[in-house]
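A.B. asks: Sending over model-v3.cif (mmCIF, C-alpha atoms and all ligand atoms).
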```cif
data_start
loop_
_atom_site.label_atom_id
_atom_site.label_comp_id
_atom_site.auth_asym_id
_atom_site.auth_seq_id
_atom_site.Cartn_x
_atom_site.Cartn_y
_atom_site.Cartn_z
CA MET J 95 -12.88 0.83 -7.82
CA LYS J 96 -10.98 0.21 -4.60
CA PHE J 97 -10.81 -3.23 -2.98
CA PHE J 98 -10.88 -3.52 0.78
CA ILE J 99 -10.64 -6.90 2.44
CA ASP J 100 -13.38 -7.76 4.92
CA THR J 101 -11.59 -9.73 7.61
CA ALA J 102 -9.68 -9.42 10.88
CA ASP J 103 -7.50 -12.43 10.02
CA VAL J 104 -4.01 -11.02 9.55
CA ASN J 105 -2.83 -14.06 7.58
CA GLU J 106 -5.60 -13.57 5.03
CA ILE J 107 -4.76 -9.86 4.86
CA ARG J 108 -1.08 -10.62 4.19
CA GLU J 109 -1.98 -13.15 1.46
CA ALA J 110 -4.33 -10.73 -0.27
CA ALA J 111 -1.87 -7.86 0.07
CA ALA J 112 0.81 -9.96 -1.66
CA LEU J 113 -1.52 -10.07 -4.68
CA GLY J 114 -1.46 -6.28 -4.78
CA LEU J 115 -5.22 -6.16 -4.39
CA VAL J 116 -5.79 -4.58 -0.99
CA ASP J 117 -6.45 -0.85 -0.70
CA GLY J 118 -7.83 -1.09 2.84
CA VAL J 119 -9.44 -3.33 5.45
CA THR J 120 -12.82 -3.49 7.16
CA THR J 121 -13.41 -5.32 10.43
CA ASN J 122 -16.42 -5.70 12.67
CA PRO J 123 -16.93 -7.17 16.17
CA SER J 124 -17.92 -10.58 14.74
CA LEU J 125 -14.80 -10.77 12.56
CA VAL J 126 -12.54 -9.75 15.48
CA ALA J 127 -14.22 -12.33 17.76
CA ARG J 128 -13.33 -15.07 15.25
CA THR J 129 -9.60 -14.32 15.70
CA GLY J 130 -9.70 -14.99 19.47
CA ARG J 131 -7.27 -12.08 19.87
CA LYS J 132 -7.47 -8.72 21.67
CA PHE J 133 -9.16 -6.02 19.58
CA ALA J 134 -6.44 -3.38 19.94
CA ASP J 135 -3.70 -5.92 19.10
CA VAL J 136 -5.46 -7.08 15.94
CA ILE J 137 -6.16 -3.56 14.71
CA ALA J 138 -2.60 -2.38 15.40
CA GLU J 139 -1.17 -5.36 13.51
CA ILE J 140 -3.48 -4.78 10.54
CA CYS J 141 -2.34 -1.15 10.45
CA SER J 142 1.28 -2.34 10.31
CA VAL J 143 0.52 -4.59 7.31
CA ILE J 144 -1.72 -2.37 5.15
CA ASP J 145 -1.08 1.27 4.33
CA GLY J 146 -4.68 2.28 3.74
CA PRO J 147 -7.97 2.92 5.53
CA ILE J 148 -8.58 0.39 8.33
CA SER J 149 -12.13 0.31 9.71
CA ALA J 150 -12.46 -0.47 13.42
CA GLU J 151 -15.94 -0.53 14.93
CA VAL J 152 -17.27 1.05 18.11
CA VAL J 153 -19.46 -1.06 20.40
CA SER J 154 -21.10 1.74 22.39
CA THR J 155 -24.60 2.72 21.35
CA ASP J 156 -24.73 6.20 22.93
CA PHE J 157 -23.09 9.39 21.67
CA ASP J 158 -20.67 9.86 24.58
CA GLY J 159 -19.52 6.27 24.47
CA MET J 160 -19.04 6.31 20.70
CA VAL J 161 -17.07 9.54 20.81
CA ALA J 162 -14.86 8.20 23.61
CA GLU J 163 -14.19 5.03 21.56
CA ALA J 164 -13.60 7.06 18.40
CA LYS J 165 -10.95 9.12 20.20
CA GLN J 166 -9.24 5.96 21.49
CA LEU J 167 -9.35 4.15 18.14
CA SER J 168 -8.04 7.12 16.20
CA LYS J 169 -4.98 7.15 18.47
CA ILE J 170 -3.99 3.63 17.34
CA HIS J 171 -2.97 4.78 13.86
CA GLU J 172 -3.59 7.66 11.48
CA ASN J 173 -5.26 5.27 8.98
CA ILE J 174 -8.02 4.24 11.38
CA VAL J 175 -11.55 4.81 10.13
CA VAL J 176 -14.04 4.61 12.97
CA LYS J 177 -16.97 2.40 12.10
CA ILE J 178 -20.24 3.66 13.57
CA PRO J 179 -23.70 2.06 13.31
CA LEU J 180 -26.48 3.87 11.48
CA ILE J 181 -28.60 4.84 14.48
CA ALA J 182 -29.53 8.33 15.70
CA GLU J 183 -26.75 8.43 18.33
CA GLY J 184 -24.39 7.15 15.67
CA LEU J 185 -25.22 10.01 13.29
CA LYS J 186 -24.51 12.49 16.10
CA ALA J 187 -21.15 10.80 16.68
CA VAL J 188 -20.39 10.90 12.94
CA ALA J 189 -21.07 14.65 12.88
CA TRP J 190 -18.80 15.12 15.91
CA CYS J 191 -16.04 13.05 14.28
CA ALA J 192 -16.34 15.05 11.05
CA ASP J 193 -15.88 18.25 13.05
CA HIS J 194 -12.85 16.82 14.85
CA GLY J 195 -10.96 15.32 11.91
CA ILE J 196 -11.77 11.65 12.64
CA ALA J 197 -12.69 9.55 9.60
CA THR J 198 -15.86 7.46 9.80
CA ASN J 199 -17.46 4.51 8.05
CA VAL J 200 -21.19 4.31 8.74
CA THR J 201 -22.15 0.67 8.97
CA LEU J 202 -25.33 -1.42 8.98
CA CYS J 203 -26.89 0.68 6.21
CA PHE J 204 -29.89 -0.97 4.55
CA SER J 205 -31.64 1.88 2.68
CA PRO J 206 -30.76 4.79 0.38
CA LEU J 207 -32.36 7.27 2.77
CA GLN J 208 -30.17 6.05 5.63
CA ALA J 209 -27.23 6.61 3.29
CA LEU J 210 -28.42 10.15 2.54
CA LEU J 211 -28.48 10.89 6.28
CA ALA J 212 -24.99 9.48 6.79
CA ALA J 213 -23.62 11.67 4.00
CA LYS J 214 -25.31 14.75 5.44
CA ALA J 215 -23.81 13.95 8.86
CA GLY J 216 -20.37 13.96 7.24
CA ALA J 217 -19.49 10.25 6.91
CA ASP J 218 -16.39 9.40 4.88
CA TYR J 219 -17.80 6.01 3.88
CA ILE J 220 -21.26 4.45 3.82
CA SER J 221 -21.52 0.67 4.05
CA PRO J 222 -24.68 -0.79 2.49
CA PHE J 223 -24.91 -4.49 3.45
CA VAL J 224 -26.01 -6.08 0.18
CA GLY J 225 -25.78 -9.74 1.18
CA ARG J 226 -27.92 -9.30 4.28
CA LEU J 227 -30.56 -7.52 2.16
CA ASP J 228 -30.51 -10.33 -0.40
CA ASP J 229 -30.87 -12.80 2.50
CA ILE J 230 -34.31 -11.33 3.28
CA ALA J 231 -35.36 -11.19 -0.40
CA HIS J 232 -34.59 -7.47 -0.90
CA ASP J 233 -32.37 -6.40 -3.78
CA GLY J 234 -29.14 -5.27 -2.11
CA MET J 235 -27.55 -3.99 -5.30
CA GLU J 236 -30.63 -1.89 -6.12
CA VAL J 237 -30.00 -0.07 -2.83
CA VAL J 238 -26.38 0.55 -3.90
CA SER J 239 -27.56 1.87 -7.27
CA GLN J 240 -29.91 4.34 -5.56
CA ILE J 241 -27.19 5.50 -3.14
CA VAL J 242 -24.76 6.11 -6.02
CA GLU J 243 -27.46 8.11 -7.86
CA ILE J 244 -28.32 10.23 -4.81
CA TYR J 245 -24.69 10.94 -3.95
CA GLU J 246 -24.01 11.98 -7.56
CA ASN J 247 -27.09 14.24 -7.59
CA TYR J 248 -25.74 16.23 -4.65
CA ASN J 249 -21.98 15.79 -5.09
CA PHE J 250 -21.48 14.20 -1.68
CA ASP J 251 -17.88 13.23 -0.93
CA THR J 252 -18.98 10.17 1.07
CA GLU J 253 -17.65 7.02 -0.60
CA VAL J 254 -19.99 4.11 -1.30
CA LEU J 255 -18.39 1.04 0.28
CA VAL J 256 -20.31 -2.06 -0.77
CA ALA J 257 -20.31 -4.51 2.16
CA SER J 258 -21.70 -7.93 3.08
CA ILE J 259 -20.55 -9.22 -0.29
CA ARG J 260 -21.39 -12.88 -0.87
CA HIS J 261 -20.24 -13.60 -4.44
CA PRO J 262 -18.45 -12.14 -7.50
CA GLY J 263 -21.74 -10.96 -9.03
CA HIS J 264 -22.05 -8.35 -6.30
CA ILE J 265 -18.62 -6.97 -7.23
CA LEU J 266 -19.37 -6.94 -10.96
CA GLU J 267 -22.56 -4.98 -10.38
CA ALA J 268 -20.86 -2.62 -7.93
CA ALA J 269 -18.13 -1.83 -10.47
CA ARG J 270 -20.69 -1.23 -13.23
CA MET J 271 -22.65 1.12 -10.95
CA GLY J 272 -19.55 3.11 -10.10
CA ALA J 273 -19.42 2.26 -6.38
CA ASP J 274 -16.20 3.59 -4.86
CA VAL J 275 -15.17 0.51 -2.85
CA CYS J 276 -16.05 -3.15 -2.41
CA THR J 277 -15.04 -4.81 0.84
CA VAL J 278 -14.53 -8.42 -0.06
CA PRO J 279 -14.14 -11.60 2.02
CA TYR J 280 -10.90 -13.46 1.24
CA SER J 281 -12.77 -16.44 -0.22
CA VAL J 282 -14.64 -14.22 -2.70
CA LEU J 283 -11.40 -12.47 -3.66
CA MET J 284 -9.97 -15.88 -4.61
CA GLN J 285 -13.13 -16.67 -6.61
CA LEU J 286 -12.55 -13.52 -8.67
CA ILE J 287 -9.16 -14.78 -9.81
CA ARG J 288 -10.19 -18.24 -10.91
CA HIS J 289 -11.74 -19.10 -14.28
CA PRO J 290 -12.06 -22.65 -15.70
CA LEU J 291 -10.97 -21.46 -19.16
CA THR J 292 -7.82 -19.94 -17.65
CA ASP J 293 -7.01 -23.27 -15.95
CA ALA J 294 -7.76 -25.29 -19.08
CA GLY J 295 -5.83 -22.87 -21.29
CA LEU J 296 -2.80 -22.96 -19.01
CA ALA J 297 -2.85 -26.78 -18.86
CA LYS J 298 -2.91 -26.92 -22.69
CA PHE J 299 -0.06 -24.41 -23.06
CA LEU J 300 2.07 -26.35 -20.59
CA ALA J 301 1.28 -29.68 -22.28
CA ASP J 302 2.16 -28.25 -25.71
CA TRP J 303 5.35 -26.71 -24.34
CA LYS J 304 6.58 -30.22 -23.56
CA LYS J 305 6.47 -30.96 -27.32
CA VAL J 306 8.77 -28.03 -28.11
CA PRO J 307 12.37 -29.21 -28.67
CA GLN J 308 14.55 -27.86 -25.87
C1 LIG U 401 -18.71 -4.63 6.48
O1 LIG U 401 -18.00 -3.74 6.82
C2 LIG U 401 -19.03 -5.80 7.29
O2 LIG U 401 -17.90 -6.14 8.06
C3 LIG U 401 -19.35 -7.03 6.50
O3 LIG U 401 -19.27 -6.79 5.12
C4 LIG U 401 -20.58 -7.73 6.94
O4 LIG U 401 -20.74 -8.87 6.13
P1 LIG U 401 -21.66 -10.11 6.55
O5 LIG U 401 -23.07 -9.74 6.25
O6 LIG U 401 -21.18 -11.23 5.67
O7 LIG U 401 -21.42 -10.37 8.01
#
```
Please re-express this file's structure in structure tokens.
C.D. replies:
Amino acid sequence: MKFFIDTADVNEIREAAALGLVDGVTTNPSLVARTGRKFADVIAEICSVIDGPISAEVVSTDFDGMVAEAKQLSKIHENIVVKIPLIAEGLKAVAWCADHGIATNVTLCFSPLQALLAAKAGADYISPFVGRLDDIAHDGMEVVSQIVEIYENYNFDTEVLVASIRHPGHILEAARMGADVCTVPYSVLMQLIRHPLTDAGLAKFLADWKKVPQ
């Protein structure tokens, strides 16, 4: 399973990359807004740090606007994946991008049938938002399981990119289901590393080492 990092904070991206854990990056307008920096600057810098798919989101909601943004974004770097919302105009834009060699990540997916449509339109990635589903008492990971099943049934190439991850349990379930990618906030990535038994075990080894004649 691939790990993308879900942030527009270049310092976090550098830290995670140093761990050898980052296969790509996802951003969204909210994450970019948090940086207080210009969108194009942030995306270009991320592309210079990570050699992998970098999702950058359109903000138009009509086909022409999305296509114009997709063309602009794809000029920033060859690794750009244009993130497009799962609305009717968005699906049209995804189909256009597929025909014109521009990679897409269809975002704001909340149902397996939406995911089926995105795959049929030619999306490279589908992003089911599991945390936001859990927030409203729906089972986000059940949606991922159904998407994986449907994509396997019909051999779609679209990769299942589990998004809106809130905790390590989401990642464990995603890996067991065979999802292609998890996009993980930096804080959750750090949670994955830590285990109290690792800390206790290391403390004991180091304490015992002091008793070894040097
Ligand atoms: C995915 O691409 C989105 O950027 C992200 O995972 C949304 O997560 P949130 O629900 O925590 O905002």
A.B. asks: Starting from 4 Å padding per side, set up an axis-aligned box that covers all listed atoms of ligand LIG 401 (chain U) and hand over centre and edge lengths in Å, one decimal, as lines of an AutoDock Vina configuration file.
C.D. replies:
```
center_x = -20.5
center_y = -7.5
center_z = 6.6
size_x = 13.2
size_y = 15.5
size_z = 10.9
```
A.B. asks: Leaving out Phe98 (chain J) and any residue of its chain fewer than 5 positions from it, which residues lie within 12 Å of it when counting all atoms listed in the file, given as a PyMOL selection string?
C.D. replies: chain J and resi 107+110-111+114-121+144-149+221+255-259+265+274-280+282-283
A.B. asks: To one decimal in Å, tell me the separation between CA of Ala212 (chain J) and CA of Ile241 (chain J).
C.D. replies: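 These two atoms are separated by 10.9 Å.
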A.B. asks: Please measure the separation of CA of Ala189 (chain J) and CA of Ser239 (chain J), giving the value in Å to one decimal.
C.D. replies: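 Spanning CA of Ala189 (chain J) to CA of Ser239 (chain J) is a straight-line distance of 24.7 Å.
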A.B. asks: When you count only C-alpha atoms, which of these residues is closest to Gln285 (chain J): J:Thr252, J:Leu210, J:Val238, J:Arg260?
C.D. replies: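 For Gln285 (chain J), the nearest of the given residues is J:Arg260.
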A.B. asks: Need the neighbours of (-6.6, 1.0, 18.8): which residues are at most 7 Å away, counting only C-alpha atoms, as a compact mmCIF listing (two decimals) with C-alpha atoms, in the frame of the given file?
C.D. replies:
```
# COMPACT_ATOMS: atom_id res chain seq x y z
CA ALA J 134 -6.44 -3.38 19.94
CA ILE J 137 -6.16 -3.56 14.71
CA ALA J 138 -2.60 -2.38 15.40
CA GLN J 166 -9.24 5.96 21.49
CA LEU J 167 -9.35 4.15 18.14
CA SER J 168 -8.04 7.12 16.20
CA LYS J 169 -4.98 7.15 18.47
CA ILE J 170 -3.99 3.63 17.34
```
A.B. asks: Take CA of Ile220 (chain J) and CA of Thr198 (chain J) and report the distance between them in Å, one decimal.
C.D. replies: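 Distance between the two atoms: 8.6 Å.
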A.B. asks: Write out as JSON, numbers by chain the residues lying within 8 Å of Arg108 (chain J), counting all atoms listed in the file and excluding same-chain residues fewer than 4 positions away.
C.D. replies: {"J": [104, 112, 143]}
A.B. asks: Considering only C-alpha atoms and all ligand atoms, state which residue in the set J:Ile287, J:Ala182, J:Val200, J:Ala213 is at the smallest distance from ligand LIG 401 (chain U).
C.D. replies: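 Of J:Ile287, J:Ala182, J:Val200, J:Ala213, the one nearest ligand LIG 401 (chain U), counting only C-alpha atoms and all ligand atoms, is J:Val200.
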A.B. asks: Calculated over all atoms listed in the file, which of the candidates J:Phe157, J:Phe250, J:Phe223, J:Phe204 has the smallest distance to ligand LIG 401 (chain U)?
C.D. replies: J:Phe223
A.B. asks: Residues around (-30.6, -1.4, -4.5), cut-off 10 Å, counting only C-alpha atoms - what are they as a list of chain:residue names?
C.D. replies: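 Within 10 Å of (-30.6, -1.4, -4.5), the protein and nucleic acid residues are J:Phe204, J:Ser205, J:Pro206, J:Pro222, J:Val224, J:Leu227, J:Asp228, J:His232, J:Asp233, J:Gly234, J:Met235, J:Glu236, J:Val237, J:Val238, J:Ser239, J:Gln240, J:Ile241, J:Val242.
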A.B. asks: Pick the closest to Cys203 (chain J) from J:Cys191, J:Asp156, J:Lys186, J:Lys177: which is it, counting all atoms listed in the file?
C.D. replies: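 Comparing J:Cys191, J:Asp156, J:Lys186, J:Lys177 against Cys203 (chain J), the winner is J:Lys177.
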A.B. asks: Out of J:Asp302, J:Glu139, J:Glu183, J:Asp103, which residue has the shortest atom-to-atom distance to Met160 (chain J) when counting all atoms listed in the file?
C.D. replies: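 Of J:Asp302, J:Glu139, J:Glu183, J:Asp103, the one nearest Met160 (chain J), counting all atoms listed in the file, is J:Glu183.
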A.B. asks: Counting all atoms listed in the file, figure out which residue out of J:Ala297, J:Asp251, J:Ser124, J:Leu211 gets nearest to Val153 (chain J).
C.D. replies: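 Ranking J:Ala297, J:Asp251, J:Ser124, J:Leu211 by distance to Val153 (chain J), first place goes to J:Ser124.
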